[in-house]
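As stored in protein-v9.pdb (PDB, C-alpha atoms and all ligand atoms):
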```pdb
ATOM      1  CA  MET A   1       0.000   0.000   0.000
ATOM      2  CA  LYS A   2       2.859   2.371   0.817
ATOM      3  CA  LEU A   3       4.267   1.857  -2.671
ATOM      4  CA  THR A   4       0.889   2.709  -4.218
ATOM      5  CA  ARG A   5       0.826   5.968  -2.269
ATOM      6  CA  LEU A   6       4.346   6.851  -3.322
ATOM      7  CA  LEU A   7       3.542   6.120  -6.956
ATOM      8  CA  ALA A   8       0.425   8.267  -6.703
ATOM      9  CA  LEU A   9       2.469  11.187  -5.400
ATOM     10  CA  ALA A  10       5.231  10.626  -7.952
ATOM     11  CA  ALA A  11       2.637  10.865 -10.718
ATOM     12  CA  PHE A  12       2.027  14.434  -9.608
ATOM     13  CA  VAL A  13       5.629  15.418  -8.993
ATOM     14  CA  VAL A  14       7.291  13.979 -12.103
ATOM     15  CA  PRO A  15       5.396  16.147 -14.620
ATOM     16  CA  VAL A  16       6.554  19.231 -12.686
ATOM     17  CA  LEU A  17      10.144  18.256 -13.423
ATOM     18  CA  ALA A  18       9.475  17.917 -17.139
ATOM     19  CA  HIS A  19      10.361  21.055 -19.037
ATOM     20  CA  ALA A  20       8.069  23.476 -20.796
ATOM     21  CA  HIS A  21       6.382  22.527 -24.035
ATOM     22  CA  PRO A  22       6.057  24.195 -27.421
ATOM     23  CA  GLY A  23       2.821  25.368 -28.950
ATOM     24  CA  HIS A  24       1.541  28.342 -27.013
ATOM     25  CA  GLU A  25       3.391  30.805 -29.203
ATOM     26  CA  GLY A  26       2.965  29.031 -32.496
ATOM     27  CA  HIS A  27       6.063  26.864 -32.218
ATOM     28  CA  GLU A  28       4.261  23.603 -32.943
ATOM     29  CA  LEU A  29       6.176  21.868 -35.730
ATOM     30  CA  THR A  30       3.807  19.200 -36.945
ATOM     31  CA  TRP A  31       0.046  19.067 -37.139
ATOM     32  CA  ASP A  32      -1.220  15.533 -36.795
ATOM     33  CA  PHE A  33      -2.969  13.238 -34.323
ATOM     34  CA  THR A  34       0.286  12.164 -32.662
ATOM     35  CA  SER A  35       1.598  15.661 -31.949
ATOM     36  CA  GLY A  36      -1.883  16.646 -30.727
ATOM     37  CA  ALA A  37      -1.909  13.665 -28.376
ATOM     38  CA  ILE A  38       1.635  14.355 -27.159
ATOM     39  CA  HIS A  39       1.087  18.058 -26.431
ATOM     40  CA  PRO A  40      -1.035  17.853 -23.222
ATOM     41  CA  LEU A  41       1.240  15.068 -21.943
ATOM     42  CA  SER A  42       4.443  16.999 -22.587
ATOM     43  CA  GLY A  43       3.507  20.226 -20.825
ATOM     44  CA  TRP A  44       3.296  20.086 -17.063
ATOM     45  CA  ASP A  45       0.825  22.968 -17.010
ATOM     46  CA  HIS A  46      -1.727  20.894 -18.924
ATOM     47  CA  VAL A  47      -0.819  17.638 -17.144
ATOM     48  CA  LEU A  48      -1.328  19.085 -13.663
ATOM     49  CA  ALA A  49      -4.552  20.948 -14.461
ATOM     50  CA  MET A  50      -6.112  18.013 -16.310
ATOM     51  CA  MET A  51      -5.133  15.429 -13.695
ATOM     52  CA  ALA A  52      -6.340  17.807 -10.985
ATOM     53  CA  VAL A  53      -9.759  17.973 -12.668
ATOM     54  CA  GLY A  54      -9.989  14.167 -12.419
ATOM     55  CA  LEU A  55      -8.771  14.123  -8.834
ATOM     56  CA  TRP A  56     -11.236  16.810  -7.760
ATOM     57  CA  ALA A  57     -14.030  14.944  -9.572
ATOM     58  CA  ALA A  58     -13.128  11.795  -7.609
ATOM     59  CA  GLN A  59     -13.270  13.760  -4.351
ATOM     60  CA  LEU A  60     -16.624  15.265  -5.266
ATOM     61  CA  GLY A  61     -18.130  11.857  -5.976
ATOM     62  CA  GLY A  62     -21.532  11.035  -7.451
ATOM     63  CA  ARG A  63     -22.449  12.498 -10.844
ATOM     64  CA  SER A  64     -19.560  14.974 -10.623
ATOM     65  CA  ARG A  65     -17.159  12.117 -11.335
ATOM     66  CA  TRP A  66     -18.097  12.206 -14.998
ATOM     67  CA  LEU A  67     -19.893  15.563 -15.358
ATOM     68  CA  VAL A  68     -16.929  17.661 -14.167
ATOM     69  CA  PRO A  69     -14.347  16.137 -16.573
ATOM     70  CA  THR A  70     -16.971  16.262 -19.355
ATOM     71  CA  ALA A  71     -17.450  19.994 -18.727
ATOM     72  CA  PHE A  72     -13.682  20.496 -19.052
ATOM     73  CA  VAL A  73     -13.431  18.588 -22.353
ATOM     74  CA  GLY A  74     -16.532  20.349 -23.737
ATOM     75  CA  LEU A  75     -15.456  23.892 -22.847
ATOM     76  CA  MET A  76     -11.851  23.239 -23.907
ATOM     77  CA  THR A  77     -13.152  22.212 -27.333
ATOM     78  CA  LEU A  78     -15.357  25.310 -27.440
ATOM     79  CA  GLY A  79     -12.346  27.433 -26.448
ATOM     80  CA  ALA A  80     -10.285  25.903 -29.272
ATOM     81  CA  LEU A  81     -13.059  26.683 -31.776
ATOM     82  CA  LEU A  82     -13.354  30.253 -30.465
ATOM     83  CA  GLY A  83      -9.575  30.693 -30.591
ATOM     84  CA  HIS A  84      -9.532  29.364 -34.116
ATOM     85  CA  ALA A  85     -12.268  31.836 -35.080
ATOM     86  CA  GLY A  86     -10.030  34.677 -33.903
ATOM     87  CA  PHE A  87     -11.426  35.100 -30.386
ATOM     88  CA  ALA A  88      -8.683  35.975 -27.912
ATOM     89  CA  ILE A  89      -8.640  36.292 -24.146
ATOM     90  CA  ALA A  90      -5.974  38.305 -22.415
ATOM     91  CA  GLY A  91      -3.588  36.395 -20.178
ATOM     92  CA  VAL A  92      -4.030  32.853 -21.484
ATOM     93  CA  GLU A  93      -0.858  31.673 -19.732
ATOM     94  CA  GLN A  94      -1.994  33.309 -16.483
ATOM     95  CA  GLY A  95      -5.391  31.646 -16.900
ATOM     96  CA  ILE A  96      -3.726  28.255 -17.220
ATOM     97  CA  ALA A  97      -1.533  28.976 -14.173
ATOM     98  CA  ALA A  98      -4.640  30.048 -12.238
ATOM     99  CA  SER A  99      -6.369  26.805 -13.221
ATOM    100  CA  ILE A 100      -3.537  24.800 -11.623
ATOM    101  CA  LEU A 101      -3.415  26.957  -8.490
ATOM    102  CA  ILE A 102      -7.160  27.072  -7.846
ATOM    103  CA  LEU A 103      -7.805  23.387  -8.631
ATOM    104  CA  GLY A 104      -4.951  22.543  -6.232
ATOM    105  CA  VAL A 105      -6.527  24.686  -3.521
ATOM    106  CA  LEU A 106      -9.961  23.117  -4.114
ATOM    107  CA  ILE A 107      -8.452  19.613  -3.763
ATOM    108  CA  ALA A 108      -6.315  20.556  -0.746
ATOM    109  CA  GLY A 109      -9.403  21.989   0.941
ATOM    110  CA  ALA A 110     -11.570  19.051  -0.232
ATOM    111  CA  VAL A 111     -14.027  21.766  -1.326
ATOM    112  CA  LYS A 112     -17.416  20.401  -2.345
ATOM    113  CA  LEU A 113     -19.792  22.639  -4.324
ATOM    114  CA  PRO A 114     -23.044  21.949  -6.214
ATOM    115  CA  VAL A 115     -22.439  20.047  -9.467
ATOM    116  CA  PRO A 116     -23.264  23.005 -11.824
ATOM    117  CA  ALA A 117     -20.852  25.262  -9.901
ATOM    118  CA  CYS A 118     -18.061  22.681 -10.179
ATOM    119  CA  MET A 119     -18.746  22.294 -13.899
ATOM    120  CA  ALA A 120     -18.676  26.079 -14.365
ATOM    121  CA  ILE A 121     -15.343  26.407 -12.534
ATOM    122  CA  VAL A 122     -13.512  23.708 -14.514
ATOM    123  CA  GLY A 123     -15.273  24.859 -17.701
ATOM    124  CA  ALA A 124     -13.964  28.410 -17.274
ATOM    125  CA  PHE A 125     -10.410  27.079 -16.828
ATOM    126  CA  ALA A 126     -10.835  24.737 -19.802
ATOM    127  CA  LEU A 127     -11.550  27.757 -22.033
ATOM    128  CA  PHE A 128      -8.004  29.018 -21.419
ATOM    129  CA  HIS A 129      -6.474  25.633 -22.263
ATOM    130  CA  GLY A 130      -8.548  25.530 -25.468
ATOM    131  CA  VAL A 131      -7.991  29.117 -26.597
ATOM    132  CA  ALA A 132      -4.227  28.688 -26.034
ATOM    133  CA  HIS A 133      -4.173  26.213 -28.903
ATOM    134  CA  GLY A 134      -7.182  26.978 -31.077
ATOM    135  CA  ALA A 135      -5.657  30.176 -32.411
ATOM    136  CA  GLU A 136      -2.617  28.442 -33.885
ATOM    137  CA  MET A 137      -4.324  25.291 -35.164
ATOM    138  CA  PRO A 138      -4.602  25.243 -38.963
ATOM    139  CA  GLY A 139      -8.133  24.845 -40.317
ATOM    140  CA  THR A 140      -7.174  21.722 -42.213
ATOM    141  CA  ALA A 141      -7.745  17.993 -41.813
ATOM    142  CA  SER A 142      -4.372  17.744 -40.065
ATOM    143  CA  GLY A 143      -5.388  20.561 -37.703
ATOM    144  CA  LEU A 144      -8.540  18.588 -36.891
ATOM    145  CA  SER A 145      -6.491  15.413 -36.292
ATOM    146  CA  TYR A 146      -4.276  17.412 -33.952
ATOM    147  CA  GLY A 147      -7.360  18.588 -32.041
ATOM    148  CA  ILE A 148      -8.742  15.055 -31.755
ATOM    149  CA  GLY A 149      -5.402  13.807 -30.444
ATOM    150  CA  PHE A 150      -5.325  16.697 -27.970
ATOM    151  CA  VAL A 151      -8.818  15.844 -26.665
ATOM    152  CA  ALA A 152      -7.953  12.128 -26.435
ATOM    153  CA  SER A 153      -4.960  12.867 -24.189
ATOM    154  CA  THR A 154      -7.028  15.284 -22.110
ATOM    155  CA  ILE A 155      -9.582  12.525 -21.445
ATOM    156  CA  PHE A 156      -6.699  10.187 -20.601
ATOM    157  CA  LEU A 157      -5.287  12.676 -18.054
ATOM    158  CA  HIS A 158      -8.739  13.156 -16.506
ATOM    159  CA  ALA A 159      -9.003   9.366 -16.198
ATOM    160  CA  VAL A 160      -5.567   9.136 -14.555
ATOM    161  CA  GLY A 161      -6.507  11.857 -12.044
ATOM    162  CA  LEU A 162      -9.883  10.237 -11.400
ATOM    163  CA  GLY A 163      -8.218   6.830 -10.952
ATOM    164  CA  LEU A 164      -5.700   8.304  -8.500
ATOM    165  CA  GLY A 165      -8.532   9.994  -6.639
ATOM    166  CA  LEU A 166     -10.433   6.713  -6.382
ATOM    167  CA  VAL A 167      -7.310   4.890  -5.141
ATOM    168  CA  LEU A 168      -6.936   7.626  -2.530
ATOM    169  CA  THR A 169     -10.578   7.720  -1.378
ATOM    170  CA  SER A 170      -9.622   5.946   1.814
ATOM    171  CA  GLU A 171      -6.540   8.167   2.050
ATOM    172  CA  GLU A 172      -8.201  11.569   1.976
ATOM    173  CA  LYS A 173      -5.168  13.240   3.574
ATOM    174  CA  ILE A 174      -2.856  12.136   0.758
ATOM    175  CA  ALA A 175      -5.287  13.401  -1.880
ATOM    176  CA  ARG A 176      -5.395  16.746  -0.096
ATOM    177  CA  PHE A 177      -1.607  16.795   0.217
ATOM    178  CA  ALA A 178      -1.359  16.168  -3.538
ATOM    179  CA  GLY A 179      -3.748  19.105  -4.019
ATOM    180  CA  GLY A 180      -1.405  21.281  -1.970
ATOM    181  CA  ALA A 181       1.515  20.232  -4.175
ATOM    182  CA  VAL A 182      -0.532  21.096  -7.271
ATOM    183  CA  ALA A 183      -1.352  24.522  -5.802
ATOM    184  CA  ILE A 184       2.361  25.213  -5.217
ATOM    185  CA  ALA A 185       3.066  24.209  -8.827
ATOM    186  CA  GLY A 186       0.354  26.690  -9.810
ATOM    187  CA  VAL A 187       2.216  29.467  -8.010
ATOM    188  CA  LEU A 188       5.405  28.427  -9.848
ATOM    189  CA  ALA A 189       3.478  28.479 -13.130
ATOM    190  CA  PHE A 190       2.828  32.194 -12.638
ATOM    191  CA  ALA A 191       6.563  32.763 -12.277
ATOM    192  CA  LEU A 192       7.559  30.827 -15.420
TER     193      LEU A 192
HETATM  194 ZN    ZN A 201      -0.130  23.846 -24.354
END
```
How does the structure come out when it is put into structure tokens?
Amino acid sequence: MKLTRLLALAAFVVPVLAHAHPGHEGHELTWDFTSGAIHPLSGWDHVLAMMAVGLWAAQLGGRSRWLVPTAFVGLMTLGALLGHAGFAIAGVEQGIAASILILGVLIAGAVKLPVPACMAIVGAFALFHGVAHGAEMPGTASGLSYGIGFVASTIFLHAVGLGLGLVLTSEEKIARFAGGAVAIAGVLAFAL
């Protein structure tokens, strides 16, 4: 059991050590399913926020376990479409950093809110993650493949976070500790 706990924590810490990823300033080199799928996994900002959504959903329990991650995927897709259509929000990077910080705080505090409120919170954060990439995605079949790959990895990260949260249901303190670590990473994200 101790090993499981350590692995669960390592899953949160390791992505923090991975270096920054391309894409937010139009540095993406290839547009296909594979690079779309790799992007959320290669940037610790996305990894932490997306896993945190799953972990928080696990803590919330009930319908939130699938409605909260679904809200993230839905609004991220909407954000990508808006970004692609030329819609821009100021401070996308700050929005992503805030998503990590606030989700971490919500997990650390084991904050439970009504389902629509939880969906609105993660949905608002998801917009930033979507807009960050929608603007630079080409409106071609390869751009679409990239987007599908991106969404697939996002769902995967939600599932990993949810799985971790379910493993830790009997270990509420560890889940909350992980949330604290995520919040600290969120503070660092503002500085980077
Ligand atoms: Zn990114």
What do you get, as an MDAnalysis selection string, if you spell out every residue that the PyMOL selection byres (((chain A and resi 36-40) around 7) and not hetatm) selects here? chainID A and resid 32:35 41:43 46:47 146:147 149:150 152:154
Near range 157-168 of chain A, within 10 Å and counting only C-alpha atoms, which residues show up once chain neighbours fewer than 4 positions away are dropped, as a PyMOL selection string? chain A and resi 4-5+7-9+11-12+40-41+46-61+65-66+68-70+72-73+151-153+172-176+178
Print the selection's residues with C-alpha atoms to a file, as a short mmCIF file (atom, residue, chain, number, x, y, z; two decimals), in the frame of the given file.
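What landed in again04.cif:
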```cif
data_model
loop_
_atom_site.label_atom_id
_atom_site.label_comp_id
_atom_site.auth_asym_id
_atom_site.auth_seq_id
_atom_site.Cartn_x
_atom_site.Cartn_y
_atom_site.Cartn_z
CA THR A 4 0.89 2.71 -4.22
CA ARG A 5 0.83 5.97 -2.27
CA LEU A 7 3.54 6.12 -6.96
CA ALA A 8 0.42 8.27 -6.70
CA LEU A 9 2.47 11.19 -5.40
CA ALA A 11 2.64 10.86 -10.72
CA PHE A 12 2.03 14.43 -9.61
CA PRO A 40 -1.03 17.85 -23.22
CA LEU A 41 1.24 15.07 -21.94
CA HIS A 46 -1.73 20.89 -18.92
CA VAL A 47 -0.82 17.64 -17.14
CA LEU A 48 -1.33 19.08 -13.66
CA ALA A 49 -4.55 20.95 -14.46
CA MET A 50 -6.11 18.01 -16.31
CA MET A 51 -5.13 15.43 -13.70
CA ALA A 52 -6.34 17.81 -10.98
CA VAL A 53 -9.76 17.97 -12.67
CA GLY A 54 -9.99 14.17 -12.42
CA LEU A 55 -8.77 14.12 -8.83
CA TRP A 56 -11.24 16.81 -7.76
CA ALA A 57 -14.03 14.94 -9.57
CA ALA A 58 -13.13 11.80 -7.61
CA GLN A 59 -13.27 13.76 -4.35
CA LEU A 60 -16.62 15.26 -5.27
CA GLY A 61 -18.13 11.86 -5.98
CA ARG A 65 -17.16 12.12 -11.34
CA TRP A 66 -18.10 12.21 -15.00
CA VAL A 68 -16.93 17.66 -14.17
CA PRO A 69 -14.35 16.14 -16.57
CA THR A 70 -16.97 16.26 -19.36
CA PHE A 72 -13.68 20.50 -19.05
CA VAL A 73 -13.43 18.59 -22.35
CA VAL A 151 -8.82 15.84 -26.66
CA ALA A 152 -7.95 12.13 -26.44
CA SER A 153 -4.96 12.87 -24.19
CA GLU A 172 -8.20 11.57 1.98
CA LYS A 173 -5.17 13.24 3.57
CA ILE A 174 -2.86 12.14 0.76
CA ALA A 175 -5.29 13.40 -1.88
CA ARG A 176 -5.40 16.75 -0.10
CA ALA A 178 -1.36 16.17 -3.54
#
```
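Between CA of Cys118 in chain A and CA of Ser64 in chain A lies a distance of 7.9 Å.
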Counting only C-alpha atoms, which of A:Ala124, A:Ile96, A:Leu144, A:Ala135 gets nearest to Gly83 in chain A?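 That would be A:Ala135, the residue with the smallest distance to Gly83 in chain A.
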Of the residues A:Gly130, A:Gly143, A:Gly79, A:Gly91, which is the one nearest to ligand ZN 201 (chain A), using only C-alpha atoms and all ligand atoms?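 Looking only at the distances to ligand ZN 201 (chain A), the closest residue turns out to be A:Gly130.
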Ranking A:Val115, A:Ala80, A:Leu67, A:Leu106 by minimum distance to ligand ZN 201 (chain A) and counting all atoms listed in the file, which one comes first?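 Result for the nearest residue to ligand ZN 201 (chain A): A:Ala80.
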Emit as AutoDock Vina command-line options the padded axis-aligned box for all listed atoms of range 148-157 of chain A, 4 Å per side, with centre and edge lengths in Å to one decimal.
```
--center_x -7.3 --center_y 13.4 --center_z -24.9 --size_x 12.6 --size_y 14.5 --size_z 21.7
```
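Take the candidates A:Gly62, A:Trp31, A:Thr77, A:Ala97 and check each one against Lys112 in chain A using all atoms listed in the file; the shortest distance goes to A:Gly62.
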Can you work out the spacing between CA of Thr30 in chain A and CA of Ala189 in chain A in Å, to one decimal?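 Spanning CA of Thr30 in chain A to CA of Ala189 in chain A is a straight-line distance of 25.6 Å.
Computed from the coordinates, the CA of Ala126 in chain A to CA of Ser170 in chain A distance equals 28.7 Å.
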Counting only C-alpha atoms, note down every residue that has an atom within 6 Å of the point (-4.1, 30.2, -22.7) (file coordinates), as a list in words.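 Residues satisfying the cut-off, written out: Val92, Glu93, Ile96, Phe128, His129, Val131 and Ala132 of chain A.
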Written file, previous selection with C-alpha atoms, as a PDB file, keeping the file's coordinate frame:
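Written out: result_3.pdb:
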```pdb
ATOM      1  CA  VAL A  92      -4.030  32.853 -21.484  1.00  0.00           C
ATOM      2  CA  GLU A  93      -0.858  31.673 -19.732  1.00  0.00           C
ATOM      3  CA  ILE A  96      -3.726  28.255 -17.220  1.00  0.00           C
ATOM      4  CA  PHE A 128      -8.004  29.018 -21.419  1.00  0.00           C
ATOM      5  CA  HIS A 129      -6.474  25.633 -22.263  1.00  0.00           C
ATOM      6  CA  VAL A 131      -7.991  29.117 -26.597  1.00  0.00           C
ATOM      7  CA  ALA A 132      -4.227  28.688 -26.034  1.00  0.00           C
TER       8      ALA A 132
END
```
Specify as a ChimeraX atom specification each residue included when the PyMOL selection byres (((chain A and resi 185) around 10) and not hetatm) is applied to this file. /A:12-13,16,44-45,48,97,100-101,104,179-184,186-191
Residue with smallest distance to Ile148 in chain A - pool A:Val122, A:Ala110, A:Met76, A:Ala90, counting all atoms listed in the file: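 Residue with the minimum atom-to-atom distance to Ile148 in chain A: A:Met76.
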Tell me which of A:Thr169, A:Gly109, A:Ser145, A:Phe125 sits closest to Gln94 in chain A, counting all atoms listed in the file.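 Under the stated criterion, the closest residue is A:Phe125.
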